[in-house]
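To start, the structure itself, in structure tokens.
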Amino acid sequence: MSQREFLLYDTMTRQVKPLQPLEPGHLKFYSCGPTVYSYAHIGNFRTFLTADLICRVARALGWRVTYVSNITDVGHLTEDDVADATGEDKMQRALQSKEGEQFANVWELADYYAEAFKADWRKLNLNEPMLWPKATQHMREQIVAVEKLIETGHAYVTPSAVYFRLSSFPEYGKLSGNLNKDSLQVGVRDVVVDDSKEHPGDFALWKRDEKHLMQWFSPWGWGFPGWHIECSVMAMAYLGETIDLHAGGEDLVFPHHESEIAQSECLTGHTFANHWIHTRFLQVDGEKMSKRTGNWYTVRDLVDQQGANPLALRYALMTVPYGKTLNFTMQTLRDATTAVERYAECERLAELALKKSPSGQSATAFAEELERLYEETLDALCNDLNTSVALAKGFEGTKVILRDATHLTHEQGQVARQWLDRINDLLGILRSQYADAATGDRGSAEESAALALMDARQKAKSEKDFGLADRLRSEIEAMGFEVRDTPEGPVLRRLSGLN
RNA sequence: GGCGUCGUACCCAAGUGGUCAAGGGAAAGGUCUGCAAAACCUUCAUUCGGCGGUUCGAAUCCGCCCGGCGCCUCCA
């Protein structure tokens, strides 16, 4: 068991502090997942990558991790303050959009995007949570929770909804710093005030709506739950009344997490989560990612359409620590691609060395150097998930391996192999744990054609017909591959296709 | 109006008081190669948005100013 502390910034106390599981060595972790009304974008995945890294570090420290990440498959009105049905529902809007026409109903739409989401998740080599609870599967619990809040005076019923009574929870605002409830309203545009609300900031726990595409029966009539209640209920159902760590994107601080705290703590009477972590939004080309400006990237855009190596995308998303804005550019992705390929080269060399017969020479110095770098990588991650430094340390390790390149002994190969495995456990950028996320499975016919050309080039080379050899190489490159000549013969690599 | 965050070389970026600044990309020179690619070696910020201040000492602390970005409203 490691003596290290795992330091993480805590949004609640606004300081970096050690992550301390209530039960030592067992982290109970809830990470807010996506609403599945369309494909998740790379910004979403930066948040989920943060959660993934936390799990990896915790396991590297020898902890057991109970990791739950929800999937929100219920539509919620886009304007939560609007009491009538004038607000447009995300799910409903998605169904009516061009892409949505293929779905028979919202349920199918949600299922489709939930599956697409999981596929992208695997592409990025993210650890799967132990559970992916869905909001629609926890309707009973949500209704019970709302009932209890009404009974205890923390919520009240109006003709159109059930609202949480902010005045019943004086600490509302402690996470976001929006402690002045009246100031909440000042900057808000277009607030439609529901006269039946006691306070404009009161948020909905249940919406009555008999026309809604997704509705359930409740003591307050047919309708659907408020956005915030699902996470309170699911987190507590699987992780207990007080969880160790709760994560999400920075936008969730307010109102989502603030409201979760209010509901949960009113339900149980004690602290909902001991540590809060929020991942900053990423930008693309220096601007906020938005569909309107066309700088909106999904994993499938980059990987399936543009041929990016998914592990390179993962690497790119790790170049800047989660707490700072990451400005994603194609250059970032290209840089990441060369880094990931460098690791691949290390693996090739390690395999090669392992095929040699033992040299009988000690690899101790080599091993110590790599061990030190592994420790420094882990140190960096334990220091508020400093991925920039972690990647730099890992990169130095590749330098150690590549320095000796083909001269690596069998023993060093063994050490290198082991180091690469451990670094991969930590960073996840060498190999995917998912077979279905392999990078080069598209166009394998092309690949065999390129391999044939590579053999022909090799033959031309041995016959000293360099003109032909160069022409063949150009052809291979035109097909999206490159040839790397090594002492053991040529190796074919797929080019990223990024320009 | 409230809350917050950032400004380090051509680009990305670490670094929060004391070897006057990690790492990557790009670029340049060299080694290797039939030539390339990959890899290796070398070079590449006396300087950290600006101006003041605190200090023996600051990129790092304080103040002001300039500039970027974000949240407070569906959003990771």
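Please note that chains go A, B, ... in the order of the structure tokens, that every chain numbers its residues from 1, and that ligands are numbered from 1 in the order shown.
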Rows by chain and residue number, chain B within 10 Å of chain A, shortest pair, only C-alpha atoms (C1' of nucleotides), as a Markdown table:
| residue | atom | partner | partner_atom | distance |
| --- | --- | --- | --- | --- |
| B:G1 | C1' | A:Val186 | CA | 6.6 |
| B:G2 | C1' | A:Ser183 | CA | 6.4 |
| B:C3 | C1' | A:Gly177 | CA | 6.5 |
| B:G4 | C1' | A:Ser176 | CA | 9.7 |
| B:U5 | C1' | A:Lys324 | CA | 8.0 |
| B:C6 | C1' | A:Lys324 | CA | 8.3 |
| B:C11 | C1' | A:Gln331 | CA | 8.5 |
| B:C12 | C1' | A:Thr332 | CA | 6.8 |
| B:A13 | C1' | A:Ser388 | CA | 7.2 |
| B:A14 | C1' | A:Val389 | CA | 6.1 |
| B:G15 | C1' | A:Val389 | CA | 9.8 |
| B:A22 | C1' | A:Val389 | CA | 7.6 |
| B:G23 | C1' | A:Ala392 | CA | 4.6 |
| B:G24 | C1' | A:Asp335 | CA | 7.5 |
| B:G25 | C1' | A:Asp335 | CA | 5.7 |
| B:A26 | C1' | A:Asp335 | CA | 10.0 |
| B:U33 | C1' | A:Asp485 | CA | 8.8 |
| B:G34 | C1' | A:Phe466 | CA | 7.0 |
| B:C35 | C1' | A:Phe466 | CA | 8.3 |
| B:A36 | C1' | A:Asp470 | CA | 8.8 |
| B:A37 | C1' | A:Arg484 | CA | 5.7 |
| B:A38 | C1' | A:Arg484 | CA | 6.1 |
| B:A39 | C1' | A:Leu402 | CA | 7.0 |
| B:C40 | C1' | A:Arg403 | CA | 6.5 |
| B:G68 | C1' | A:Gly286 | CA | 9.1 |
| B:C69 | C1' | A:Glu287 | CA | 8.2 |
| B:G70 | C1' | A:Phe281 | CA | 8.0 |
| B:C71 | C1' | A:Asp251 | CA | 6.5 |
| B:C72 | C1' | A:Leu184 | CA | 6.9 |
| B:U73 | C1' | A:Val188 | CA | 6.4 |
| B:C74 | C1' | A:Thr78 | CA | 4.4 |
| B:C75 | C1' | A:Asp251 | CA | 7.3 |
| B:A76 | C1' | A:Asn44 | CA | 4.0 |
>> Among range 227-471 of chain A, which residues does DSSP mark as alpha helix (DSSP H) when it is run on the backbone? Keep the chain and numbering as in the structure and answer as a PyMOL selection string.
In response: chain A and resi 229-239+258-268+299-300+310-317+330-355+364-382+387-404+410-427+444-462+466-471
> Among range 131-281 of chain A, which ones does DSSP place in strand (DSSP E or B), written as a list in words?
Replying inline: Leu131, Lys134, Ala155, Tyr156, Val157, Ala161, Val162, Tyr163, Phe164, Ala204, Leu205, Trp206, Lys207, Arg208, Trp216, Gly223, Phe224, Pro225, Ile243, Leu245, His246, Ala247, Gly248, Gly249, Ala273, Trp276, Ile277, His278 and Thr279 of chain A
>> Would you pick out the contacts of U54 in chain B at 12 Å or less, using only C-alpha atoms (C1' of nucleotides), so that residues sharing its chain but fewer than 5 positions from it are not included, and give the list as JSON, numbers by chain?
In response: {"B": [17, 61, 62, 63]}
> Using only C-alpha atoms (C1' of nucleotides), which residues sit within 12 Å of C51 in chain B once same-chain residues fewer than 3 positions away are excluded, as a PyMOL selection string?
Replying inline: chain B and resi 63-66
> How many Å lie between CA of Leu124 in chain A and CA of Tyr37 in chain A, rounded to one decimal?
Replying inline: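 That distance, rounded to one decimal, is 20.2 Å.
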Residues at most 12 Å from A21 in chain B, counting only C-alpha atoms (C1' of nucleotides), excluding those fewer than 4 positions away in the same chain, as a CSV table (one decimal) with N, CA and C atoms (P, O5', C5', C4', C3', O3' and C1' of nucleotides), in the first residue's frame?
chain,number,residue,atom,x,y,z
B,8,U,P,1.2,33.2,-22.1
B,8,U,O5',2.8,33.0,-22.0
B,8,U,C5',3.6,34.1,-21.6
B,8,U,C4',4.9,33.5,-21.1
B,8,U,C3',5.6,32.5,-22.0
B,8,U,O3',6.4,33.1,-23.0
B,8,U,C1',5.5,31.7,-19.8
B,9,A,P,5.8,33.2,-24.5
B,9,A,O5',7.2,32.9,-25.2
B,9,A,C5',7.6,33.6,-26.4
B,9,A,C4',8.9,32.8,-26.8
B,9,A,C3',8.8,32.1,-28.1
B,9,A,O3',9.5,32.8,-29.1
B,9,A,C1',9.9,30.8,-26.4
B,14,A,P,-0.1,24.2,-18.2
B,14,A,O5',1.2,23.7,-17.5
B,14,A,C5',1.2,22.3,-17.1
B,14,A,C4',2.5,21.9,-16.4
B,14,A,C3',2.9,22.8,-15.2
B,14,A,O3',2.2,22.3,-14.1
B,14,A,C1',4.8,22.5,-16.6
B,15,G,P,1.6,23.3,-13.0
B,15,G,O5',3.0,23.9,-12.4
B,15,G,C5',3.9,23.2,-11.7
B,15,G,C4',5.2,23.9,-11.6
B,15,G,C3',5.2,25.3,-10.9
B,15,G,O3',5.3,25.1,-9.5
B,15,G,C1',6.4,25.5,-12.9
B,45,A,P,17.4,29.8,-26.0
B,45,A,O5',16.0,30.3,-25.5
B,45,A,C5',15.4,31.5,-26.2
B,45,A,C4',14.6,32.3,-25.2
B,45,A,C3',15.4,32.8,-24.0
B,45,A,O3',16.1,34.0,-24.5
B,45,A,C1',13.3,32.0,-23.4
B,46,U,P,16.1,35.3,-23.8
B,46,U,O5',16.6,34.9,-22.3
B,46,U,C5',17.9,35.1,-22.0
B,46,U,C4',17.9,35.6,-20.6
B,46,U,C3',17.8,37.1,-20.4
B,46,U,O3',16.4,37.5,-20.5
B,46,U,C1',19.3,36.1,-18.8
B,47,U,P,16.0,38.9,-21.0
B,47,U,O5',14.5,39.1,-20.6
B,47,U,C5',13.5,38.7,-21.4
B,47,U,C4',12.7,37.5,-20.8
B,47,U,C3',12.3,37.8,-19.3
B,47,U,O3',11.0,38.4,-19.4
B,47,U,C1',13.2,35.6,-19.6
B,48,C,P,10.3,38.9,-18.0
B,48,C,O5',9.0,38.1,-18.0
B,48,C,C5',8.2,37.8,-19.2
B,48,C,C4',7.5,36.5,-19.0
B,48,C,C3',6.5,36.6,-17.9
B,48,C,O3',5.2,36.6,-18.6
B,48,C,C1',7.8,34.7,-17.6
B,59,A,P,11.4,36.5,-11.4
B,59,A,O5',9.8,36.4,-11.6
B,59,A,C5',9.2,37.0,-12.8
B,59,A,C4',8.0,36.2,-13.2
B,59,A,C3',7.1,35.9,-12.0
B,59,A,O3',6.2,37.0,-11.7
B,59,A,C1',7.4,33.9,-13.3
B,60,U,P,5.5,37.1,-10.3
B,60,U,O5',4.6,35.8,-10.3
B,60,U,C5',3.8,35.4,-9.2
B,60,U,C4',4.1,34.0,-8.8
B,60,U,C3',4.0,33.8,-7.3
B,60,U,O3',2.8,33.2,-6.9
B,60,U,C1',5.8,32.6,-8.3
